[in-house]
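Accompanying notes for the structure given below.
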Amino acid sequence: MPERYRRILVVDLLGGLGDLVMALPVVHALARRNPGAALRVLTHAPGDALLRHDPAVTGVRTAEKGRERAAVAAELDRHPYDLVVSTTRYDDIPAEIEGRGMRCVTDLWRGPPPDEPVSRRYLRILRDEGLVDGYLPPQVQLTPDERARGAAALAEHAPRGRPVVLVPGAGMAVKHWPHWPALARAVAARGEPALVVAGDPAPGPWADAHAHRLPSTDLRGLAASFAAVAERGGVVVGPDTGPVRVAAAVGARTVGIFGPTAATRYGLAEPGTRAVDLQGLPGCPHRRPTAITEQVCWWEARCPLSPDGPACMADVGVAAVLEAVGV
Ligand code: SF4
């Protein structure tokens with residue numbers, strides 16, 4: 001009989017919304033193994049909102065950017081945890097946890113194979129530690145009211161048909177896909193309702209010409225709109241970003257455009273789904289699937305293969321995306 005834990009803390013302070021989504025299988029697997037446990041999560045805003053209404057989670061606390069280790073220490077002072085699992089290793093956070101003496105796993109990044117998806121790797125390590133059983137993909141829980149509001153918001157701009165939602169905001173220049181205007185034109189030309197999600201950077205004038213904008217909303221509102229897309233058989237298209245991961249986590253079919261990150265590690269296509277991951281320039285010698293932040297192109301989007309921007313993103317053509325979308 002495996003040991004059970006009563007007070008569990010999951011620390012995910014990697015900083016990205018997508019990082020938190022990739023950590024959700026850890027949260028849910030620990031909850032399944034330890035029914036009735038008080039399970040709390042320490043993460044950043046605004047991702048914490050994704051855990052609201054999650055029956056597996058007792059409480060969520062957020063850390064200020066730049067004060068993460070202090071937040072970990074404060075949380076460990078606040079509750080007498082008997083198990084702590086952390087995805088996060090910077091700023092001596094593992095030492096802060098390990099010094100408290102409870103059972104803990106603080107290195108979920110040890111020896112990652114280049115072809116094992118991050119979430120599955122987390123679970124494999126925890127299973128080897130005897131702490132969890134099987135893997136289930138990331139899931140975000142929405143209330144019936146949220147789902148109804150999401151459906152209404154979607155219907156306002158796409159009253160019929162299978163919506164194709166474009167998520168051009170890349171968050172980082174190295175993930176910018178240069179073909180959004182051409183894709184929007186092609187989707188609109190085929191008569192499918194095309195919608196665009198505002199992001200960073202904001203979509204250009206092409207968006208207004210060829211796609212309705214989804215009304216601005218908070219993260220849970222966006223997740224609810226994606227859930228409505230799923231219910232109507234639509235698809236969400238975007239690069240390797242948090243919002244596209246949220247779409248997959250509420251059941252929407254996704255077409256992921258992967259450039260600097262390896263789809264083998266960061267892909268969204270779970271077995272048994274119709275999600276598609278498209279990898280640009282799969283043979284790029286500069287890509288480091290298990291150490292993306294050390295890639296020459298990562299922080300400044302300076303691609304040694306092209307003066308015009310990330311060659312791998314440009315390499316994913318509109319025709320391939322359209323085929324994957326299936327319009
Ligand atoms: S070096 Fe260029 S082509 Fe290679 S992963 Fe980075 S941006 Fe993509």
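Naming scheme: A, B, ... for chains in displayed order of the structure tokens; residues 1 onward per chain; ligands 1 onward as shown.
If you count only C-alpha atoms and ignore residues fewer than 5 places along the chain from segment 169-178 of chain A, what sits within 7 Å of it is A:Ala198, A:Gly199, A:Asp200, A:Pro201, A:Ala202, A:Pro239, A:Thr241, A:Gly259, A:Pro260, A:Cys297, A:Trp298, A:Ala301, A:Pro310, A:Met313, A:Ala314.
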Residues from the last selection, all heavy atoms, saved as a short mmCIF file (atom, residue, chain, number, x, y, z; two decimals), in the first residue's frame:
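That gives us result_28.cif:
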data_model
loop_
_atom_site.label_atom_id
_atom_site.label_comp_id
_atom_site.auth_asym_id
_atom_site.auth_seq_id
_atom_site.Cartn_x
_atom_site.Cartn_y
_atom_site.Cartn_z
N ALA A 198 -6.97 38.68 -28.95
CA ALA A 198 -5.97 39.74 -28.74
C ALA A 198 -4.88 39.20 -27.84
O ALA A 198 -5.13 38.36 -26.97
CB ALA A 198 -6.64 40.95 -28.10
N GLY A 199 -3.67 39.64 -28.07
CA GLY A 199 -2.57 39.13 -27.24
C GLY A 199 -1.41 40.10 -27.29
O GLY A 199 -1.58 41.28 -27.56
N ASP A 200 -0.24 39.59 -27.02
CA ASP A 200 0.95 40.41 -27.00
C ASP A 200 1.96 39.82 -27.99
O ASP A 200 2.44 38.71 -27.76
CB ASP A 200 1.54 40.40 -25.59
CG ASP A 200 2.83 41.18 -25.51
OD1 ASP A 200 3.04 42.02 -26.39
OD2 ASP A 200 3.62 40.93 -24.58
N PRO A 201 2.25 40.49 -29.12
CA PRO A 201 1.71 41.79 -29.52
C PRO A 201 0.28 41.65 -30.04
O PRO A 201 -0.14 40.56 -30.43
CB PRO A 201 2.66 42.21 -30.65
CG PRO A 201 3.13 40.91 -31.23
CD PRO A 201 3.18 39.92 -30.11
N ALA A 202 -0.43 42.78 -30.04
CA ALA A 202 -1.81 42.77 -30.53
C ALA A 202 -1.80 42.42 -32.01
O ALA A 202 -0.87 42.80 -32.74
CB ALA A 202 -2.44 44.13 -30.31
N PRO A 239 0.90 29.41 -31.66
CA PRO A 239 2.23 28.88 -31.34
C PRO A 239 2.24 28.25 -29.95
O PRO A 239 1.20 28.13 -29.29
CB PRO A 239 3.12 30.13 -31.41
CG PRO A 239 2.20 31.27 -31.12
CD PRO A 239 0.83 30.87 -31.58
N THR A 241 2.20 28.53 -26.72
CA THR A 241 1.96 29.57 -25.71
C THR A 241 0.94 29.08 -24.69
O THR A 241 0.21 28.11 -24.92
CB THR A 241 1.38 30.84 -26.36
OG1 THR A 241 0.15 30.50 -26.99
CG2 THR A 241 2.34 31.45 -27.37
N GLY A 259 8.24 26.16 -33.35
CA GLY A 259 9.48 26.54 -34.00
C GLY A 259 10.66 26.29 -33.10
O GLY A 259 11.29 25.23 -33.16
N PRO A 260 10.97 27.25 -32.22
CA PRO A 260 12.15 27.07 -31.37
C PRO A 260 11.99 25.97 -30.33
O PRO A 260 12.98 25.41 -29.87
CB PRO A 260 12.31 28.44 -30.70
CG PRO A 260 10.96 29.06 -30.76
CD PRO A 260 10.34 28.56 -32.03
N CYS A 297 18.93 31.51 -30.02
CA CYS A 297 17.85 32.37 -30.52
C CYS A 297 16.84 32.77 -29.45
O CYS A 297 15.97 33.60 -29.70
CB CYS A 297 17.12 31.61 -31.62
SG CYS A 297 16.55 29.98 -31.06
N TRP A 298 16.89 32.16 -28.26
CA TRP A 298 15.73 32.16 -27.36
C TRP A 298 15.32 33.55 -26.88
O TRP A 298 14.19 33.98 -27.02
CB TRP A 298 16.00 31.23 -26.18
CG TRP A 298 14.81 31.08 -25.28
CD1 TRP A 298 14.65 31.61 -24.03
CD2 TRP A 298 13.60 30.37 -25.56
NE1 TRP A 298 13.43 31.28 -23.52
CE2 TRP A 298 12.76 30.51 -24.44
CE3 TRP A 298 13.16 29.62 -26.66
CZ2 TRP A 298 11.50 29.93 -24.39
CZ3 TRP A 298 11.90 29.05 -26.60
CH2 TRP A 298 11.09 29.21 -25.48
N ALA A 301 15.44 36.40 -30.09
CA ALA A 301 14.89 35.97 -31.38
C ALA A 301 15.89 36.17 -32.52
O ALA A 301 15.48 36.40 -33.66
CB ALA A 301 13.57 36.68 -31.69
N PRO A 310 12.81 34.18 -36.87
CA PRO A 310 12.94 32.73 -36.65
C PRO A 310 12.61 31.92 -37.91
O PRO A 310 11.45 31.87 -38.35
CB PRO A 310 11.95 32.46 -35.53
CG PRO A 310 11.82 33.77 -34.82
CD PRO A 310 11.96 34.83 -35.87
N MET A 313 9.85 29.19 -37.49
CA MET A 313 8.45 29.61 -37.49
C MET A 313 8.00 29.88 -38.93
O MET A 313 6.92 29.44 -39.35
CB MET A 313 8.26 30.85 -36.60
CG MET A 313 8.48 30.61 -35.11
SD MET A 313 7.40 29.34 -34.39
CE MET A 313 5.80 30.14 -34.39
N ALA A 314 8.84 30.59 -39.70
CA ALA A 314 8.47 30.88 -41.09
C ALA A 314 8.32 29.60 -41.90
O ALA A 314 7.54 29.56 -42.87
CB ALA A 314 9.53 31.79 -41.71
#
Any idea what's packed within 7 Å of Val84 of chain A, counting only C-alpha atoms, ignoring anything in its chain fewer than 4 positions away? Could you give it as a VMD selection string? chain A and resid 8 to 10 103 to 105
Could you save the residues just selected, with N, CA, C and O atoms, as a tab-separated table (two decimals), in the first residue's frame?
chain	number	residue	atom	x	y	z
A	8	ILE	N	-0.37	18.58	1.13
A	8	ILE	CA	0.52	18.56	-0.05
A	8	ILE	C	0.62	19.97	-0.62
A	8	ILE	O	-0.40	20.68	-0.75
A	9	LEU	N	1.84	20.35	-0.97
A	9	LEU	CA	2.06	21.63	-1.66
A	9	LEU	C	2.72	21.36	-3.00
A	9	LEU	O	3.71	20.63	-3.08
A	10	VAL	N	2.16	21.94	-4.06
A	10	VAL	CA	2.80	21.92	-5.38
A	10	VAL	C	3.27	23.34	-5.67
A	10	VAL	O	2.48	24.29	-5.61
A	103	ARG	N	8.88	14.99	3.20
A	103	ARG	CA	9.09	14.33	1.91
A	103	ARG	C	8.94	15.37	0.80
A	103	ARG	O	7.98	16.15	0.81
A	104	CYS	N	9.87	15.37	-0.12
A	104	CYS	CA	9.77	16.36	-1.20
A	104	CYS	C	10.43	15.83	-2.47
A	104	CYS	O	11.29	14.95	-2.42
A	105	VAL	N	9.98	16.38	-3.59
A	105	VAL	CA	10.62	16.14	-4.88
A	105	VAL	C	10.86	17.52	-5.48
A	105	VAL	O	9.90	18.26	-5.76
Can you pull out every residue with an atom within 10 Å of ligand 1? Use only C-alpha atoms and all ligand atoms and format it as a PyMOL selection string. chain A and resi 173-176+258-262+279-289+292+295-307+309-315
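For Glu68 of chain A, the non-local neighbours within 12 Å, defined as residues at least 6 positions apart in the same chain or in other chains and counting only C-alpha atoms, are A:Val11, A:Asp12, A:Leu13, A:Leu14, A:Gly15, A:Leu42, A:Thr43, A:His44, A:Arg61, A:Thr62, A:Ala74, A:Glu75, A:Thr88, A:Arg89, A:Tyr90, A:Asp91, A:Asp92, A:Ile93, A:Pro94, A:Glu96.
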Export, as a PDB file, in the first residue's frame, the selected residues with N, CA and C atoms.
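Saved file out-v2.pdb follows:
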ATOM      1  N   VAL A  11       4.557  23.469  -5.958  1.00  0.00           N
ATOM      2  CA  VAL A  11       5.144  24.780  -6.262  1.00  0.00           C
ATOM      3  C   VAL A  11       5.411  24.839  -7.759  1.00  0.00           C
ATOM      4  N   ASP A  12       4.755  25.770  -8.438  1.00  0.00           N
ATOM      5  CA  ASP A  12       5.106  26.036  -9.841  1.00  0.00           C
ATOM      6  C   ASP A  12       5.305  27.530  -9.993  1.00  0.00           C
ATOM      7  N   LEU A  13       6.572  27.924 -10.003  1.00  0.00           N
ATOM      8  CA  LEU A  13       6.914  29.338 -10.109  1.00  0.00           C
ATOM      9  C   LEU A  13       7.849  29.558 -11.296  1.00  0.00           C
ATOM     10  N   LEU A  14       7.609  28.781 -12.352  1.00  0.00           N
ATOM     11  CA  LEU A  14       8.446  28.925 -13.550  1.00  0.00           C
ATOM     12  C   LEU A  14       8.106  30.211 -14.302  1.00  0.00           C
ATOM     13  N   GLY A  15       6.935  30.755 -14.052  1.00  0.00           N
ATOM     14  CA  GLY A  15       6.640  32.096 -14.560  1.00  0.00           C
ATOM     15  C   GLY A  15       5.692  32.154 -15.732  1.00  0.00           C
ATOM     16  N   LEU A  42       1.239  26.835  -5.038  1.00  0.00           N
ATOM     17  CA  LEU A  42       1.875  28.155  -4.993  1.00  0.00           C
ATOM     18  C   LEU A  42       2.354  28.465  -6.404  1.00  0.00           C
ATOM     19  N   THR A  43       1.834  29.542  -6.981  1.00  0.00           N
ATOM     20  CA  THR A  43       2.167  29.873  -8.363  1.00  0.00           C
ATOM     21  C   THR A  43       2.107  31.387  -8.538  1.00  0.00           C
ATOM     22  N   HIS A  44       2.121  31.837  -9.780  1.00  0.00           N
ATOM     23  CA  HIS A  44       2.020  33.273 -10.062  1.00  0.00           C
ATOM     24  C   HIS A  44       0.609  33.610 -10.555  1.00  0.00           C
ATOM     25  N   ARG A  61      -2.089  30.043  -3.591  1.00  0.00           N
ATOM     26  CA  ARG A  61      -1.457  31.271  -3.155  1.00  0.00           C
ATOM     27  C   ARG A  61      -0.526  31.733  -4.265  1.00  0.00           C
ATOM     28  N   THR A  62      -0.372  33.044  -4.406  1.00  0.00           N
ATOM     29  CA  THR A  62       0.492  33.547  -5.476  1.00  0.00           C
ATOM     30  C   THR A  62       1.739  34.183  -4.887  1.00  0.00           C
ATOM     31  N   ALA A  74       7.408  31.434   3.202  1.00  0.00           N
ATOM     32  CA  ALA A  74       6.211  31.846   3.950  1.00  0.00           C
ATOM     33  C   ALA A  74       5.138  30.771   3.899  1.00  0.00           C
ATOM     34  N   GLU A  75       4.995  30.136   2.747  1.00  0.00           N
ATOM     35  CA  GLU A  75       3.963  29.095   2.630  1.00  0.00           C
ATOM     36  C   GLU A  75       4.323  27.880   3.484  1.00  0.00           C
ATOM     37  N   THR A  88      10.164  23.999  -9.766  1.00  0.00           N
ATOM     38  CA  THR A  88      10.959  25.223  -9.857  1.00  0.00           C
ATOM     39  C   THR A  88      12.271  25.085  -9.093  1.00  0.00           C
ATOM     40  N   ARG A  89      13.361  25.478  -9.746  1.00  0.00           N
ATOM     41  CA  ARG A  89      14.669  25.203  -9.148  1.00  0.00           C
ATOM     42  C   ARG A  89      15.542  26.447  -8.970  1.00  0.00           C
ATOM     43  N   TYR A  90      15.135  27.583  -9.520  1.00  0.00           N
ATOM     44  CA  TYR A  90      16.018  28.752  -9.418  1.00  0.00           C
ATOM     45  C   TYR A  90      15.995  29.313  -7.991  1.00  0.00           C
ATOM     46  N   ASP A  91      16.935  30.212  -7.731  1.00  0.00           N
ATOM     47  CA  ASP A  91      16.948  30.957  -6.476  1.00  0.00           C
ATOM     48  C   ASP A  91      16.995  30.052  -5.240  1.00  0.00           C
ATOM     49  N   ASP A  92      17.607  28.876  -5.393  1.00  0.00           N
ATOM     50  CA  ASP A  92      17.742  27.958  -4.248  1.00  0.00           C
ATOM     51  C   ASP A  92      16.406  27.548  -3.634  1.00  0.00           C
ATOM     52  N   ILE A  93      15.362  27.575  -4.429  1.00  0.00           N
ATOM     53  CA  ILE A  93      14.062  27.134  -3.904  1.00  0.00           C
ATOM     54  C   ILE A  93      14.124  25.671  -3.432  1.00  0.00           C
ATOM     55  N   PRO A  94      14.825  24.766  -4.163  1.00  0.00           N
ATOM     56  CA  PRO A  94      14.917  23.398  -3.629  1.00  0.00           C
ATOM     57  C   PRO A  94      15.535  23.356  -2.233  1.00  0.00           C
ATOM     58  N   GLU A  96      15.415  25.598   0.062  1.00  0.00           N
ATOM     59  CA  GLU A  96      14.419  26.107   1.018  1.00  0.00           C
ATOM     60  C   GLU A  96      13.443  24.991   1.403  1.00  0.00           C
TER      61      GLU A  96
END
For Arg220 of chain A, work out the shell of residues within 12 Å, counting only C-alpha atoms and skipping chain neighbours fewer than 3 positions away, then give it as a list in words. Pro46, Gly47, Asp48, Ala49, Leu50, Leu51, Arg52, His53, Val140, Gln141, Leu142, Thr143, Asp145, Glu146, Arg147, Arg149, Gly150, Ser216, Thr217, Ala223, Ala224, Ser225, Phe226, Ala227, Pro243, Val246, Ala247, Ala249 and Val250 of chain A
Between atom CA of His28 of chain A and atom CA of Pro80 of chain A lies a distance of 20.6 Å
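Between atom CA of Arg213 of chain A and atom CA of Gly233 of chain A there is a distance of 18.9 Å.
In terms of minimum interatomic distance to Ala291 of chain A, A:Pro114 ranks closest within A:Gly66, A:Pro35, A:Pro114, A:Gly59, counting only C-alpha atoms.
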Nearest to Asp240 of chain A by atom-to-atom distance, counting only C-alpha atoms, from A:Tyr81, A:Trp206, A:Tyr122, A:Tyr266: A:Tyr266
Give me the residues near Pro271 of chain A as a ChimeraX atom specification, where near means some atom within 12 Å (using only C-alpha atoms) and where sequence neighbours in that chain fewer than 2 positions away do not count. /A:117,135-137,267-269,273-277
Those residues you just picked out, can you put them in a file as a PDB file, in the first residue's frame with N, CA, C and O atoms?
ATOM      1  N   PRO A 117       7.365  14.339 -23.597  1.00  0.00           N
ATOM      2  CA  PRO A 117       6.690  15.595 -23.262  1.00  0.00           C
ATOM      3  C   PRO A 117       6.869  15.961 -21.783  1.00  0.00           C
ATOM      4  O   PRO A 117       6.923  15.081 -20.906  1.00  0.00           O
ATOM      5  N   TYR A 135      -0.828   8.846 -15.824  1.00  0.00           N
ATOM      6  CA  TYR A 135      -0.857  10.207 -16.364  1.00  0.00           C
ATOM      7  C   TYR A 135      -2.220  10.510 -16.975  1.00  0.00           C
ATOM      8  O   TYR A 135      -2.791   9.679 -17.689  1.00  0.00           O
ATOM      9  N   LEU A 136      -2.747  11.686 -16.688  1.00  0.00           N
ATOM     10  CA  LEU A 136      -3.883  12.213 -17.443  1.00  0.00           C
ATOM     11  C   LEU A 136      -3.492  13.595 -17.953  1.00  0.00           C
ATOM     12  O   LEU A 136      -2.780  14.330 -17.264  1.00  0.00           O
ATOM     13  N   PRO A 137      -3.931  13.971 -19.158  1.00  0.00           N
ATOM     14  CA  PRO A 137      -3.516  15.260 -19.728  1.00  0.00           C
ATOM     15  C   PRO A 137      -4.006  16.438 -18.877  1.00  0.00           C
ATOM     16  O   PRO A 137      -4.936  16.292 -18.069  1.00  0.00           O
ATOM     17  N   GLY A 267       4.841  19.512 -27.285  1.00  0.00           N
ATOM     18  CA  GLY A 267       3.664  19.381 -28.129  1.00  0.00           C
ATOM     19  C   GLY A 267       2.367  19.248 -27.339  1.00  0.00           C
ATOM     20  O   GLY A 267       2.351  18.877 -26.166  1.00  0.00           O
ATOM     21  N   LEU A 268       1.271  19.557 -28.042  1.00  0.00           N
ATOM     22  CA  LEU A 268      -0.057  19.544 -27.426  1.00  0.00           C
ATOM     23  C   LEU A 268      -0.876  18.342 -27.856  1.00  0.00           C
ATOM     24  O   LEU A 268      -1.953  18.101 -27.319  1.00  0.00           O
ATOM     25  N   ALA A 269      -0.391  17.626 -28.853  1.00  0.00           N
ATOM     26  CA  ALA A 269      -1.192  16.533 -29.415  1.00  0.00           C
ATOM     27  C   ALA A 269      -1.109  15.312 -28.502  1.00  0.00           C
ATOM     28  O   ALA A 269      -0.100  14.619 -28.473  1.00  0.00           O
ATOM     29  N   THR A 273      -6.484  12.249 -29.502  1.00  0.00           N
ATOM     30  CA  THR A 273      -7.139  13.502 -29.884  1.00  0.00           C
ATOM     31  C   THR A 273      -6.803  13.786 -31.344  1.00  0.00           C
ATOM     32  O   THR A 273      -5.925  13.160 -31.926  1.00  0.00           O
ATOM     33  N   ARG A 274      -7.516  14.794 -31.897  1.00  0.00           N
ATOM     34  CA  ARG A 274      -7.232  15.184 -33.283  1.00  0.00           C
ATOM     35  C   ARG A 274      -6.337  16.414 -33.328  1.00  0.00           C
ATOM     36  O   ARG A 274      -6.226  17.072 -34.349  1.00  0.00           O
ATOM     37  N   ALA A 275      -5.704  16.719 -32.217  1.00  0.00           N
ATOM     38  CA  ALA A 275      -4.776  17.861 -32.196  1.00  0.00           C
ATOM     39  C   ALA A 275      -3.589  17.562 -33.108  1.00  0.00           C
ATOM     40  O   ALA A 275      -3.193  16.404 -33.280  1.00  0.00           O
ATOM     41  N   VAL A 276      -3.050  18.620 -33.689  1.00  0.00           N
ATOM     42  CA  VAL A 276      -1.893  18.480 -34.585  1.00  0.00           C
ATOM     43  C   VAL A 276      -0.802  19.437 -34.123  1.00  0.00           C
ATOM     44  O   VAL A 276      -1.072  20.606 -33.835  1.00  0.00           O
ATOM     45  N   ASP A 277       0.411  18.948 -34.052  1.00  0.00           N
ATOM     46  CA  ASP A 277       1.580  19.799 -33.785  1.00  0.00           C
ATOM     47  C   ASP A 277       2.398  19.873 -35.062  1.00  0.00           C
ATOM     48  O   ASP A 277       2.767  18.834 -35.625  1.00  0.00           O
TER      49      ASP A 277
END
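Taking atom CA of Ala155 of chain A and atom CA of Val255 of chain A as endpoints, the distance between them is 21.6 Å.
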Which residues are near Tyr5 of chain A? Cut-off 9 Å, only C-alpha atoms, ignore same chain within fewer than 5 positions. Put them as a PyMOL selection string. chain A and resi 33-35+37-38+81-83
Write out, as a PDB file, in the first residue's frame, the residues just selected, with all heavy atoms.
ATOM      1  N   ARG A  33      -4.081  10.189  -6.008  1.00  0.00           N
ATOM      2  CA  ARG A  33      -3.406   9.224  -5.136  1.00  0.00           C
ATOM      3  C   ARG A  33      -3.737   9.461  -3.664  1.00  0.00           C
ATOM      4  O   ARG A  33      -3.692   8.544  -2.843  1.00  0.00           O
ATOM      5  CB  ARG A  33      -1.890   9.337  -5.359  1.00  0.00           C
ATOM      6  CG  ARG A  33      -1.042   8.588  -4.378  1.00  0.00           C
ATOM      7  CD  ARG A  33      -1.257   7.081  -4.400  1.00  0.00           C
ATOM      8  NE  ARG A  33      -0.549   6.433  -5.489  1.00  0.00           N
ATOM      9  CZ  ARG A  33       0.731   6.060  -5.451  1.00  0.00           C
ATOM     10  NH1 ARG A  33       1.442   6.286  -4.370  1.00  0.00           N
ATOM     11  NH2 ARG A  33       1.275   5.471  -6.481  1.00  0.00           N
ATOM     12  N   ASN A  34      -4.054  10.716  -3.299  1.00  0.00           N
ATOM     13  CA  ASN A  34      -4.242  11.072  -1.892  1.00  0.00           C
ATOM     14  C   ASN A  34      -5.622  11.679  -1.668  1.00  0.00           C
ATOM     15  O   ASN A  34      -5.752  12.868  -1.357  1.00  0.00           O
ATOM     16  CB  ASN A  34      -3.154  12.079  -1.462  1.00  0.00           C
ATOM     17  CG  ASN A  34      -1.754  11.519  -1.609  1.00  0.00           C
ATOM     18  OD1 ASN A  34      -1.292  10.775  -0.757  1.00  0.00           O
ATOM     19  ND2 ASN A  34      -1.089  11.863  -2.709  1.00  0.00           N
ATOM     20  N   PRO A  35      -6.676  10.883  -1.830  1.00  0.00           N
ATOM     21  CA  PRO A  35      -8.021  11.448  -1.685  1.00  0.00           C
ATOM     22  C   PRO A  35      -8.223  12.034  -0.286  1.00  0.00           C
ATOM     23  O   PRO A  35      -7.783  11.460   0.696  1.00  0.00           O
ATOM     24  CB  PRO A  35      -8.939  10.239  -1.923  1.00  0.00           C
ATOM     25  CG  PRO A  35      -8.069   9.031  -1.859  1.00  0.00           C
ATOM     26  CD  PRO A  35      -6.665   9.453  -2.122  1.00  0.00           C
ATOM     27  N   ALA A  37      -6.804  14.685   0.825  1.00  0.00           N
ATOM     28  CA  ALA A  37      -5.668  15.501   1.260  1.00  0.00           C
ATOM     29  C   ALA A  37      -5.970  16.982   1.027  1.00  0.00           C
ATOM     30  O   ALA A  37      -6.721  17.340   0.119  1.00  0.00           O
ATOM     31  CB  ALA A  37      -4.411  15.105   0.489  1.00  0.00           C
ATOM     32  N   ALA A  38      -5.381  17.822   1.852  1.00  0.00           N
ATOM     33  CA  ALA A  38      -5.398  19.267   1.589  1.00  0.00           C
ATOM     34  C   ALA A  38      -4.255  19.531   0.613  1.00  0.00           C
ATOM     35  O   ALA A  38      -3.083  19.347   0.963  1.00  0.00           O
ATOM     36  CB  ALA A  38      -5.194  20.038   2.882  1.00  0.00           C
ATOM     37  N   TYR A  81       3.252  21.040   5.887  1.00  0.00           N
ATOM     38  CA  TYR A  81       3.120  20.097   4.764  1.00  0.00           C
ATOM     39  C   TYR A  81       3.863  18.800   5.048  1.00  0.00           C
ATOM     40  O   TYR A  81       4.922  18.800   5.674  1.00  0.00           O
ATOM     41  CB  TYR A  81       3.660  20.740   3.484  1.00  0.00           C
ATOM     42  CG  TYR A  81       2.769  21.851   2.991  1.00  0.00           C
ATOM     43  CD1 TYR A  81       3.123  23.186   3.157  1.00  0.00           C
ATOM     44  CD2 TYR A  81       1.551  21.566   2.388  1.00  0.00           C
ATOM     45  CE1 TYR A  81       2.293  24.206   2.726  1.00  0.00           C
ATOM     46  CE2 TYR A  81       0.708  22.579   1.956  1.00  0.00           C
ATOM     47  CZ  TYR A  81       1.082  23.891   2.131  1.00  0.00           C
ATOM     48  OH  TYR A  81       0.250  24.894   1.708  1.00  0.00           O
ATOM     49  N   ASP A  82       3.303  17.691   4.549  1.00  0.00           N
ATOM     50  CA  ASP A  82       4.075  16.444   4.649  1.00  0.00           C
ATOM     51  C   ASP A  82       4.573  15.963   3.285  1.00  0.00           C
ATOM     52  O   ASP A  82       5.306  14.978   3.208  1.00  0.00           O
ATOM     53  CB  ASP A  82       3.318  15.337   5.402  1.00  0.00           C
ATOM     54  CG  ASP A  82       1.910  15.106   4.898  1.00  0.00           C
ATOM     55  OD1 ASP A  82       1.595  15.560   3.789  1.00  0.00           O
ATOM     56  OD2 ASP A  82       1.137  14.446   5.614  1.00  0.00           O
ATOM     57  N   LEU A  83       4.190  16.664   2.210  1.00  0.00           N
ATOM     58  CA  LEU A  83       4.763  16.387   0.889  1.00  0.00           C
ATOM     59  C   LEU A  83       4.797  17.689   0.088  1.00  0.00           C
ATOM     60  O   LEU A  83       3.782  18.397   0.011  1.00  0.00           O
ATOM     61  CB  LEU A  83       3.909  15.350   0.143  1.00  0.00           C
ATOM     62  CG  LEU A  83       4.311  15.100  -1.316  1.00  0.00           C
ATOM     63  CD1 LEU A  83       5.711  14.497  -1.413  1.00  0.00           C
ATOM     64  CD2 LEU A  83       3.298  14.168  -2.010  1.00  0.00           C
TER      65      LEU A  83
END
DSSP alpha helix (DSSP H) selection over segment 58-299 of chain A, as a PyMOL selection string: chain A and resi 68-78+93-98+118-128+144-157+180-189+205-210+219-231+242-249+263-266
Report as number ranges by chain: the residues of segment 165-223 of chain A with a DSSP assignment of strand (DSSP E), based on the backbone of this structure. A: 165-166, 194-196, 212-213
Just-selected residues, N, CA and C atoms written as a short mmCIF file (atom, residue, chain, number, x, y, z; two decimals), in the first residue's frame:
data_model
loop_
_atom_site.label_atom_id
_atom_site.label_comp_id
_atom_site.auth_asym_id
_atom_site.auth_seq_id
_atom_site.Cartn_x
_atom_site.Cartn_y
_atom_site.Cartn_z
N VAL A 165 -10.25 29.65 -34.33
CA VAL A 165 -9.78 30.74 -33.48
C VAL A 165 -8.26 30.87 -33.64
N LEU A 166 -7.82 32.07 -33.98
CA LEU A 166 -6.40 32.33 -34.20
C LEU A 166 -5.84 33.02 -32.96
N ALA A 194 -13.87 32.95 -38.68
CA ALA A 194 -12.53 33.10 -38.10
C ALA A 194 -12.59 34.15 -37.00
N LEU A 195 -12.00 33.81 -35.87
CA LEU A 195 -11.95 34.74 -34.74
C LEU A 195 -10.51 34.88 -34.31
N VAL A 196 -10.19 36.03 -33.73
CA VAL A 196 -8.82 36.24 -33.32
C VAL A 196 -8.80 36.67 -31.85
N HIS A 212 -13.24 38.25 -36.77
CA HIS A 212 -13.80 38.99 -35.64
C HIS A 212 -12.87 38.81 -34.45
N ARG A 213 -12.82 39.83 -33.62
CA ARG A 213 -12.03 39.68 -32.39
C ARG A 213 -12.90 39.10 -31.31
#
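Compared by their closest atoms to Asp133 of chain A, and using only C-alpha atoms, the residues A:Gly326, A:Pro2, A:Gly272, A:Gly251 rank with A:Pro2 nearest.
In terms of minimum interatomic distance to Pro168 of chain A, A:Val237 ranks closest within A:Val237, A:Ala319, A:Leu154, A:Ala182, counting only C-alpha atoms.
Minimum distance to Gly238 of chain A across A:Val164, A:Ala189, A:Ile97, A:Leu219 (counting only C-alpha atoms) occurs at A:Val164.
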